[in-house]
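A.B. asks: File follows, query-v2.cif with mmCIF, C-alpha atoms and all ligand atoms:
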```cif
data_structure
loop_
_atom_site.label_atom_id
_atom_site.label_comp_id
_atom_site.auth_asym_id
_atom_site.auth_seq_id
_atom_site.Cartn_x
_atom_site.Cartn_y
_atom_site.Cartn_z
CA MET A 24 91.17 29.08 42.34
CA PRO A 25 92.29 26.14 44.48
CA THR A 26 89.45 23.74 43.57
CA GLU A 27 87.25 23.81 40.53
CA LEU A 28 84.00 25.66 41.12
CA SER A 29 80.76 24.78 39.43
CA ILE A 30 77.94 27.32 39.38
CA ARG A 31 74.41 26.42 38.29
CA PRO A 32 70.78 27.39 38.92
CA ALA A 33 69.41 25.83 42.13
CA THR A 34 66.85 23.02 42.03
CA LEU A 35 64.48 21.72 44.70
CA HIS A 36 67.10 19.10 45.57
CA ASP A 37 69.38 21.94 46.75
CA VAL A 38 66.88 23.43 49.21
CA PRO A 39 68.11 21.74 52.44
CA HIS A 40 71.70 22.55 51.50
CA LEU A 41 70.76 26.17 50.83
CA VAL A 42 69.05 26.48 54.21
CA GLU A 43 72.24 25.31 55.91
CA LEU A 44 74.59 27.35 53.71
CA ALA A 45 72.56 30.56 53.97
CA THR A 46 72.25 30.20 57.75
CA ASN A 47 75.95 29.54 58.29
CA THR A 48 77.21 32.22 55.90
CA PHE A 49 74.90 34.84 57.41
CA ARG A 50 76.02 33.96 60.93
CA ASP A 51 79.70 34.09 59.92
CA THR A 52 79.37 37.36 58.04
CA TYR A 53 77.63 39.33 60.79
CA ARG A 54 78.93 37.55 63.91
CA LEU A 55 81.25 40.42 64.79
CA LEU A 56 78.91 43.15 63.58
CA ASP A 57 75.50 42.36 65.08
CA ASP A 58 73.74 41.06 68.17
CA PRO A 59 73.75 37.20 68.18
CA ASP A 60 70.05 37.02 69.16
CA ASP A 61 69.08 39.31 66.29
CA ILE A 62 71.12 37.16 63.89
CA GLU A 63 69.42 33.97 65.09
CA ALA A 64 65.97 35.53 64.84
CA TYR A 65 66.71 36.71 61.30
CA VAL A 66 68.09 33.40 59.98
CA ALA A 67 65.23 31.41 61.56
CA GLU A 68 62.72 33.55 59.69
CA ALA A 69 64.54 34.20 56.41
CA PHE A 70 66.32 30.94 55.60
CA THR A 71 63.56 28.36 55.82
CA ALA A 72 62.99 25.45 53.43
CA ASP A 73 59.66 27.03 52.45
CA ASN A 74 61.32 30.32 51.53
CA PHE A 75 64.03 28.67 49.44
CA THR A 76 61.46 26.41 47.76
CA ALA A 77 59.53 29.53 46.80
CA LEU A 78 62.67 31.20 45.44
CA VAL A 79 63.64 28.15 43.35
CA GLN A 80 60.13 28.11 41.88
CA ASP A 81 59.88 31.89 41.40
CA PRO A 82 60.02 32.65 37.65
CA SER A 83 61.03 36.26 38.34
CA SER A 84 64.28 35.39 40.12
CA VAL A 85 67.35 33.21 39.67
CA LEU A 86 69.06 31.41 42.51
CA LEU A 87 72.59 30.23 41.74
CA VAL A 88 74.49 27.68 43.79
CA ALA A 89 78.27 27.28 43.76
CA LEU A 90 79.77 23.87 44.41
CA ALA A 91 83.46 23.14 44.92
CA GLY A 92 85.34 19.91 44.38
CA GLU A 93 83.17 16.86 44.90
CA GLY A 94 79.97 18.87 45.31
CA GLN A 95 80.55 20.85 48.48
CA TYR A 96 78.06 23.73 48.72
CA VAL A 97 80.23 26.83 49.13
CA GLY A 98 78.20 29.76 47.87
CA TYR A 99 75.01 31.12 46.43
CA ALA A 100 73.65 34.20 44.72
CA HIS A 101 70.10 35.40 44.28
CA ILE A 102 69.19 37.69 41.39
CA ALA A 103 65.71 39.19 41.61
CA HIS A 104 63.55 41.29 39.30
CA THR A 105 62.35 43.57 42.06
CA GLN A 106 61.23 47.19 41.99
CA PRO A 107 64.43 49.22 42.48
CA PRO A 108 64.49 52.19 44.86
CA PRO A 109 64.32 55.60 43.14
CA CYS A 110 68.07 56.19 43.60
CA VAL A 111 68.78 53.42 41.05
CA THR A 112 68.58 55.30 37.77
CA GLY A 113 70.60 53.04 35.43
CA PRO A 114 68.76 51.35 32.53
CA ALA A 115 67.12 47.89 32.83
CA PRO A 116 67.96 47.26 36.51
CA VAL A 117 68.04 43.93 38.33
CA GLU A 118 68.77 43.31 42.02
CA LEU A 119 71.59 41.17 43.33
CA SER A 120 69.75 40.39 46.54
CA ARG A 121 72.18 37.84 48.04
CA LEU A 122 75.81 36.91 47.39
CA TYR A 123 77.40 34.71 50.02
CA LEU A 124 80.37 32.35 50.24
CA SER A 125 81.39 30.01 53.03
CA GLU A 126 84.00 31.62 55.25
CA SER A 127 86.49 28.84 54.44
CA VAL A 128 86.61 29.68 50.70
CA ILE A 129 86.61 33.48 50.82
CA GLY A 130 89.63 35.09 49.16
CA ASN A 131 90.12 32.49 46.44
CA GLY A 132 88.45 34.17 43.49
CA TYR A 133 85.13 32.34 43.98
CA GLY A 134 83.39 35.65 44.62
CA ALA A 135 84.67 36.84 41.24
CA ALA A 136 83.36 33.67 39.59
CA LEU A 137 79.93 34.17 41.19
CA MET A 138 79.83 37.81 40.10
CA GLN A 139 80.60 36.78 36.50
CA ALA A 140 77.77 34.24 36.70
CA VAL A 141 75.45 36.97 38.02
CA HIS A 142 76.43 39.17 35.05
CA ALA A 143 75.68 36.31 32.66
CA VAL A 144 72.20 35.87 34.21
CA ALA A 145 71.59 39.63 33.99
CA ARG A 146 72.68 39.76 30.32
CA ARG A 147 70.46 36.81 29.38
CA ALA A 148 67.51 38.66 30.96
CA GLY A 149 68.37 41.82 29.00
CA CYS A 150 69.37 43.72 32.14
CA GLN A 151 71.99 46.45 31.98
CA THR A 152 72.30 47.57 35.60
CA VAL A 153 72.88 45.51 38.76
CA TRP A 154 71.98 47.09 42.08
CA LEU A 155 72.21 45.85 45.66
CA GLY A 156 71.89 46.89 49.29
CA VAL A 157 74.77 46.25 51.66
CA TYR A 158 75.36 46.78 55.37
CA ASP A 159 77.68 49.79 55.64
CA ARG A 160 79.81 47.99 58.28
CA ASN A 161 80.40 45.05 55.93
CA GLU A 162 83.65 46.51 54.64
CA ARG A 163 84.92 43.36 52.92
CA ALA A 164 81.80 43.18 50.76
CA ARG A 165 81.84 46.94 50.10
CA LYS A 166 85.45 46.69 48.85
CA PHE A 167 84.58 43.67 46.69
CA TYR A 168 81.67 45.51 45.07
CA THR A 169 83.80 48.61 44.51
CA ARG A 170 86.38 46.43 42.72
CA TRP A 171 83.53 45.33 40.45
CA GLY A 172 82.63 48.92 39.58
CA PHE A 173 79.73 49.41 41.99
CA VAL A 174 79.25 52.94 43.31
CA ASP A 175 76.99 54.30 46.05
CA VAL A 176 73.79 55.71 44.62
CA GLY A 177 71.68 56.17 47.75
CA THR A 178 70.31 54.31 50.78
CA LYS A 179 67.39 52.02 51.55
CA ASP A 180 65.77 51.15 54.89
CA PHE A 181 66.48 47.63 56.15
CA LEU A 182 64.67 46.33 59.23
CA PHE A 183 66.91 44.12 61.38
CA GLY A 184 66.57 43.24 65.05
CA GLY A 185 63.71 45.70 65.40
CA LYS A 186 65.89 48.59 64.20
CA LEU A 187 65.84 50.41 60.88
CA TYR A 188 69.21 50.65 59.12
CA ALA A 189 69.91 52.92 56.14
CA ASP A 190 71.77 50.40 53.99
CA PRO A 191 73.89 51.88 51.19
CA ILE A 192 72.55 51.05 47.74
CA MET A 193 75.26 50.36 45.17
CA ALA A 194 74.84 50.00 41.42
CA ALA A 195 77.02 49.08 38.43
CA ALA A 196 76.61 48.58 34.70
CA VAL A 197 76.48 44.98 33.50
CA PRO A 198 79.53 44.41 31.27
CA ASP A 199 78.76 43.56 27.61
CA PHE A 200 80.78 40.34 27.57
C1 LIG A 301 81.52 39.22 48.99
C2 LIG A 301 82.25 37.92 48.69
C3 LIG A 301 81.33 36.98 47.91
C4 LIG A 301 83.47 38.22 47.79
O1 LIG A 301 84.23 37.05 47.63
P1 LIG A 301 85.83 37.07 47.86
O2 LIG A 301 86.31 35.69 47.89
O3 LIG A 301 86.08 37.91 49.07
O4 LIG A 301 86.33 37.87 46.60
P2 LIG A 301 87.15 37.41 45.33
O5 LIG A 301 86.54 36.21 44.70
O6 LIG A 301 87.32 38.61 44.48
O7 LIG A 301 88.53 36.98 45.92
C5 LIG A 301 89.40 38.00 46.19
C6 LIG A 301 90.72 37.52 46.66
O8 LIG A 301 91.06 36.26 46.10
C7 LIG A 301 92.31 36.39 45.39
N1 LIG A 301 92.22 35.51 44.21
C8 LIG A 301 92.88 34.33 44.12
N2 LIG A 301 92.59 33.76 42.94
C9 LIG A 301 91.75 34.59 42.29
C10 LIG A 301 91.10 34.53 41.02
N3 LIG A 301 91.24 33.49 40.19
N4 LIG A 301 90.27 35.56 40.65
C11 LIG A 301 90.11 36.62 41.48
N5 LIG A 301 90.72 36.71 42.70
C12 LIG A 301 91.52 35.71 43.10
C13 LIG A 301 92.40 37.84 45.06
O9 LIG A 301 93.74 38.24 44.91
C14 LIG A 301 91.76 38.48 46.25
O10 LIG A 301 92.66 38.56 47.34
P3 LIG A 301 92.66 39.87 48.28
O11 LIG A 301 91.26 40.03 48.84
O12 LIG A 301 93.69 39.55 49.30
O13 LIG A 301 93.02 41.02 47.38
C15 LIG A 301 82.77 37.22 49.97
O14 LIG A 301 83.70 38.07 50.63
C16 LIG A 301 81.67 36.83 50.93
O15 LIG A 301 80.94 35.87 50.70
N6 LIG A 301 81.58 37.57 52.05
C17 LIG A 301 80.64 37.22 53.11
C18 LIG A 301 79.21 37.43 52.66
C19 LIG A 301 78.93 38.87 52.29
O16 LIG A 301 79.37 39.80 52.94
N7 LIG A 301 78.12 39.02 51.23
C20 LIG A 301 77.70 40.32 50.78
C21 LIG A 301 76.46 40.72 51.47
S1 LIG A 301 75.84 42.24 50.78
#
```
Represent the structure from my file as structure tokens, please.

C.D. replies:
Amino acid sequence: MPTELSIRPATLHDVPHLVELATNTFRDTYRLLDDPDDIEAYVAEAFTADNFTALVQDPSSVLLVALAGEGQYVGYAHIAHTQPPPCVTGPAPVELSRLYLSESVIGNGYGAALMQAVHAVARRAGCQTVWLGVYDRNERARKFYTRWGFVDVGTKDFLFGGKLYADPIMAAAVPDF
């Protein structure tokens, strides 16, 4: 990794930074894949200070922030104890509901560091399976998850821009260490 990365649970102090980071990373990720108006409508609704405040305070989920160098917000992950879809059959499942890095730091091993932190959170909660939904056209993320042992187990409807998408659901065992 080029610069040291520090990963920790988010606090209320992080909320404005998370709003900005989540908005920018979502825009960058889907810019070439989706309609710009749909992207703007989605980020305006999903990545509000109120929503991130609620996530930070939610005892049933963990929000991790990743900071590089002198405290530059470069990534975040959200792990949530949600009801998995029926296609997730592994034991003690937990959802990785968001995993995003700033475009400028992708390809440096920070994604790997965040995934290891997600595993540590899952282990501490006694979870043995991580599952997630991913846009099927997001090939970079699909390849990353495959490298981490995730396999397709089914699909789940995702409403975006007024259209329903059948997002692939991927799942993997949480490593023991
Ligand atoms: C998904 C995501 C978090 C993965 O992060 P990443 O930086 O691409 O993945 P990694 O951390 O494994 O880095 C991989 C690359 O860094 C290189 N690398 C350098 N140092 C490394 C290290 N110490 N450890 C691991 N890889 C390292 C690897 O060789 C690899 O290069 P390659 O892709 O050319 O083979 C990231 O691509 C991302 O944020 N994408 C946009 C958001 C997104 O799509 N999220 C998922 C929504 S479902």

A.B. asks: Got a sec: who's within 9 Å of A:Thr71, counting only C-alpha atoms, leaving out chain neighbours fewer than 6 positions off, as a ChimeraX atom specification?

C.D. replies: /A:38-39,42

A.B. asks: Pick from A:Ala145, A:Leu90, A:Leu56, A:Val111: nearest to A:Glu162, with all atoms listed in the file counted?

C.D. replies: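 Result for the nearest residue to A:Glu162: A:Leu56.
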
A.B. asks: Which residue is closest to A:Tyr65? Choose from A:Gly184, A:Arg146, A:Asp199, A:Val79 and count only C-alpha atoms.

C.D. replies: A:Gly184

A.B. asks: Which polymer residues, whether protein, DNA or RNA, lie within 12 Å of the coordinate (61.4, 28.0, 51.7) when you count only C-alpha atoms? List them as a VMD selection string, using the chain letters and numbers from the file.

C.D. replies: chain A and resid 35 37 to 43 45 66 to 81

A.B. asks: Pick out the closest residue to ligand LIG 301 (chain A) from this set: A:Val157, A:Cys150, A:Val144, A:Val85. Count only C-alpha atoms and all ligand atoms.

C.D. replies: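 Selected residue with least distance to ligand LIG 301 (chain A): A:Val157.
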
A.B. asks: Can you pull out every residue within 10 Å of A:Gln106, counting all atoms listed in the file, but drop anything in the same chain fewer than 6 positions away, and send it as a list in words?

C.D. replies: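 The residues satisfying every condition are Pro116, Val117 and Glu118 of chain A.
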
A.B. asks: Using C-alpha atoms, can you export the residues from the last selection as a PDB file, in the frame of the given file?

C.D. replies:
```pdb
ATOM      1  CA  PRO A 116      67.960  47.260  36.510  1.00  0.00           C
ATOM      2  CA  VAL A 117      68.040  43.930  38.330  1.00  0.00           C
ATOM      3  CA  GLU A 118      68.770  43.310  42.020  1.00  0.00           C
TER       4      GLU A 118
END
```

A.B. asks: Please identify all polymer residues within 6 Å of A:Val176, counting all atoms listed in the file, omitting same-chain residues fewer than 3 positions from it, and present them as a VMD selection string.

C.D. replies: chain A and resid 110 192 to 193

A.B. asks: Just give me the gap between atom CA of A:Tyr168 and atom CA of A:Glu93 in Å, one decimal is fine.

C.D. replies: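 Computed distance, atom CA of A:Tyr168 to atom CA of A:Glu93, equals 28.7 Å.
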
A.B. asks: Box along x, y and z, 8 Å on every side, all listed atoms of stretch 51-70 of chain A inside: centre and edge lengths in Å to one decimal, as JSON.

C.D. replies:
```
{"center_x": 72.0, "center_y": 37.0, "center_z": 62.4, "size_x": 34.5, "size_y": 28.2, "size_z": 29.6}
```

A.B. asks: May I have a table of the residues of chain A lying at most 7 Å from ligand LIG 301 (chain A), giving each one's closest pair of atoms and their distance in Å to one decimal, counting only C-alpha atoms and all ligand atoms, ordered by chain and ascending residue number, as a Markdown table?

C.D. replies:
```
| residue | atom | partner | partner_atom | distance |
| --- | --- | --- | --- | --- |
| A:Met24 | CA | A:LIG301 | N3 | 4.9 |
| A:Thr48 | CA | A:LIG301 | C18 | 6.5 |
| A:Phe49 | CA | A:LIG301 | C18 | 6.9 |
| A:Thr52 | CA | A:LIG301 | C17 | 5.1 |
| A:Arg121 | CA | A:LIG301 | C21 | 6.2 |
| A:Leu122 | CA | A:LIG301 | N7 | 5.0 |
| A:Tyr123 | CA | A:LIG301 | O15 | 3.8 |
| A:Leu124 | CA | A:LIG301 | O15 | 3.6 |
| A:Ser125 | CA | A:LIG301 | O15 | 6.3 |
| A:Glu126 | CA | A:LIG301 | C17 | 6.9 |
| A:Val128 | CA | A:LIG301 | O2 | 6.6 |
| A:Ile129 | CA | A:LIG301 | O2 | 3.7 |
| A:Gly130 | CA | A:LIG301 | O8 | 3.6 |
| A:Asn131 | CA | A:LIG301 | O8 | 3.9 |
| A:Gly132 | CA | A:LIG301 | O5 | 3.0 |
| A:Tyr133 | CA | A:LIG301 | O5 | 4.2 |
| A:Gly134 | CA | A:LIG301 | O5 | 3.2 |
| A:Ala135 | CA | A:LIG301 | O5 | 4.0 |
| A:Ala136 | CA | A:LIG301 | O5 | 6.5 |
| A:Gly156 | CA | A:LIG301 | S1 | 6.3 |
| A:Val157 | CA | A:LIG301 | S1 | 4.2 |
| A:Tyr158 | CA | A:LIG301 | S1 | 6.5 |
| A:Asn161 | CA | A:LIG301 | O16 | 6.1 |
| A:Arg163 | CA | A:LIG301 | O14 | 5.9 |
| A:Ala164 | CA | A:LIG301 | C1 | 4.3 |
| A:Phe167 | CA | A:LIG301 | C4 | 5.7 |
```

A.B. asks: For A:Gln151, which of A:Ser127, A:Ile102, A:Ala189, A:Ala196 is the closest residue, counting all atoms listed in the file?

C.D. replies: A:Ala196

A.B. asks: Please write a file for stretch 54-156 of chain A, taken from the block I just shared, that holds C-alpha atoms and is laid out as a tab-separated table (two decimals), in the first residue's frame.

C.D. replies:
```
chain	number	residue	atom	x	y	z
A	54	ARG	CA	-20.93	7.17	-14.05
A	55	LEU	CA	-20.34	5.01	-17.10
A	56	LEU	CA	-23.00	2.45	-16.25
A	57	ASP	CA	-26.13	4.43	-15.38
A	58	ASP	CA	-28.17	7.50	-16.28
A	59	PRO	CA	-26.67	10.63	-14.59
A	60	ASP	CA	-30.11	11.87	-13.44
A	61	ASP	CA	-30.89	8.52	-11.82
A	62	ILE	CA	-27.50	8.61	-10.06
A	63	GLU	CA	-28.13	12.12	-8.72
A	64	ALA	CA	-31.63	11.21	-7.55
A	65	TYR	CA	-30.28	8.14	-5.76
A	66	VAL	CA	-27.37	9.87	-3.97
A	67	ALA	CA	-29.59	12.79	-2.89
A	68	GLU	CA	-31.97	10.36	-1.20
A	69	ALA	CA	-29.57	7.71	0.09
A	70	PHE	CA	-26.51	9.64	1.27
A	71	THR	CA	-27.95	12.25	3.59
A	72	ALA	CA	-26.53	13.34	6.95
A	73	ASP	CA	-29.69	11.98	8.62
A	74	ASN	CA	-29.23	8.55	7.06
A	75	PHE	CA	-25.56	8.31	8.03
A	76	THR	CA	-26.35	9.56	11.55
A	77	ALA	CA	-28.90	6.77	11.84
A	78	LEU	CA	-26.39	4.19	10.60
A	79	VAL	CA	-23.69	5.33	13.05
A	80	GLN	CA	-26.21	5.03	15.88
A	81	ASP	CA	-27.73	1.73	14.70
A	82	PRO	CA	-26.67	-1.03	17.12
A	83	SER	CA	-27.42	-3.71	14.52
A	84	SER	CA	-24.86	-2.47	11.98
A	85	VAL	CA	-21.24	-1.40	11.78
A	86	LEU	CA	-20.00	1.42	9.60
A	87	LEU	CA	-16.25	1.43	8.99
A	88	VAL	CA	-14.31	4.39	7.64
A	89	ALA	CA	-10.89	4.14	6.00
A	90	LEU	CA	-8.49	7.06	6.28
A	91	ALA	CA	-5.20	7.40	4.43
A	92	GLY	CA	-2.15	9.44	5.35
A	93	GLU	CA	-3.02	12.52	7.36
A	94	GLY	CA	-6.69	11.59	7.72
A	95	GLN	CA	-8.00	11.70	4.17
A	96	TYR	CA	-11.34	9.86	3.93
A	97	VAL	CA	-10.80	7.27	1.20
A	98	GLY	CA	-13.26	4.47	1.85
A	99	TYR	CA	-16.06	3.01	3.88
A	100	ALA	CA	-17.86	-0.25	4.47
A	101	HIS	CA	-21.24	-0.96	6.01
A	102	ILE	CA	-21.94	-4.32	7.62
A	103	ALA	CA	-25.60	-4.91	8.49
A	104	HIS	CA	-27.50	-7.61	10.35
A	105	THR	CA	-30.32	-7.71	7.84
A	106	GLN	CA	-32.66	-10.52	6.85
A	107	PRO	CA	-30.86	-12.35	4.02
A	108	PRO	CA	-32.74	-13.41	0.89
A	109	PRO	CA	-33.63	-17.13	0.76
A	110	CYS	CA	-30.78	-17.89	-1.66
A	111	VAL	CA	-28.26	-17.20	1.13
A	112	THR	CA	-28.07	-20.56	2.87
A	113	GLY	CA	-24.69	-20.34	4.65
A	114	PRO	CA	-24.66	-20.36	8.48
A	115	ALA	CA	-24.84	-17.15	10.58
A	116	PRO	CA	-25.08	-14.67	7.67
A	117	VAL	CA	-24.33	-10.95	7.73
A	118	GLU	CA	-24.69	-8.46	4.86
A	119	LEU	CA	-21.86	-6.38	3.45
A	120	SER	CA	-24.21	-3.66	2.27
A	121	ARG	CA	-21.62	-1.10	1.08
A	122	LEU	CA	-17.92	-1.24	0.21
A	123	TYR	CA	-16.57	1.81	-1.58
A	124	LEU	CA	-13.17	3.41	-2.15
A	125	SER	CA	-12.32	6.74	-3.71
A	126	GLU	CA	-11.43	6.32	-7.37
A	127	SER	CA	-7.93	7.75	-6.73
A	128	VAL	CA	-6.92	4.93	-4.35
A	129	ILE	CA	-8.43	1.91	-6.11
A	130	GLY	CA	-5.90	-0.77	-7.05
A	131	ASN	CA	-3.57	-0.28	-4.08
A	132	GLY	CA	-4.69	-3.07	-1.79
A	133	TYR	CA	-7.00	-0.83	0.27
A	134	GLY	CA	-9.99	-2.90	-0.83
A	135	ALA	CA	-8.24	-5.97	0.57
A	136	ALA	CA	-7.60	-4.14	3.85
A	137	LEU	CA	-11.27	-3.14	4.09
A	138	MET	CA	-12.40	-6.70	3.36
A	139	GLN	CA	-10.15	-8.02	6.15
A	140	ALA	CA	-11.67	-5.43	8.51
A	141	VAL	CA	-15.16	-6.56	7.43
A	142	HIS	CA	-14.18	-10.17	8.22
A	143	ALA	CA	-12.94	-9.10	11.65
A	144	VAL	CA	-16.28	-7.36	12.37
A	145	ALA	CA	-18.18	-10.44	11.17
A	146	ARG	CA	-16.08	-12.79	13.35
A	147	ARG	CA	-16.55	-10.61	16.43
A	148	ALA	CA	-20.32	-10.78	15.87
A	149	GLY	CA	-20.15	-14.59	15.53
A	150	CYS	CA	-21.06	-14.48	11.84
A	151	GLN	CA	-19.80	-17.17	9.48
A	152	THR	CA	-21.17	-16.07	6.10
A	153	VAL	CA	-20.91	-12.69	4.35
A	154	TRP	CA	-23.40	-11.95	1.59
A	155	LEU	CA	-23.91	-8.94	-0.68
A	156	GLY	CA	-25.78	-7.68	-3.71
```
